[in-house]
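Notes follow the structure.
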Amino acid sequence: MSATDTPLLLLASEEEATAILSMMEGMLDVLKDDGLQDSPDYNDLEAARVWLSKAVEELAYPARIPVDLSAAEQTVLRNAISNVGDQGEFWDDGAGSEKPFTARIENYNGNP
């Protein structure tokens with residue numbers, strides 16, 4: 001894979017990263033409540049959550065983070081991003097203002 005087609009996670013702010021991590025934790029809770037904590041989906045989601053948590057430590061924003069995840073892990077990350085984005089065109093950034101949610105994976109090469 002060349003540098004030009006490397007998947008990149010684009011984040012505008014720390015608040016976007018926090019919202020995605022929070023969504024991933026909620027998705028993990030749902031899988032656990034359904035008795036699926038030993039499933040491949042749970043393992044992929046947890047791996048992607050741990051990766052994102054580490055990737056955003058002491059990060060300057062806006063950020064372009066090379067995504068070093070398997071196709072399945074990229075897919076669950078993309079799903080979490082989509083779930084946050086589905087909460088509306090605008091979202092509360094935690095400071096009481098509504099901002100566009102712009103996080104996305106550029107050059108996504110996970111599962112369709």
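Ordered as shown in the structure tokens, chains take letters A, B, and onward, while each chain numbers its residues from 1 and ligands are numbered from 1 in the order shown.
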Identify, on the basis of only C-alpha atoms, every residue whose closest approach to segment 36-52 of chain A does not exceed 12 Å; exclude the query and any residue fewer than 3 positions from it along the same chain; express the result as a ChimeraX atom specification. /A:8-11,14,16-33,55-57,59,65-81,110
Which of segment 13-77 of chain A DSSP labels helix (DSSP H, G or I), written as number ranges by chain: A: 14-33, 40-55, 71-77
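Across the structure, atom CA of Ala12 of chain A and atom CA of Ala63 of chain A are spaced 6.4 Å apart.
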Between atom CA of Gly85 of chain A and atom CA of Pro112 of chain A, measure the distance and give it in Å to one decimal. 18.3 Å
Using backbone DSSP assignments, extract all strand (DSSP E) residues from chain A; output them as number ranges by chain. A: 8-11, 63-66, 90-92, 98-100, 104-106
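Of note, atom CA of Arg64 of chain A and atom CA of Ser82 of chain A are spaced 17.6 Å apart.
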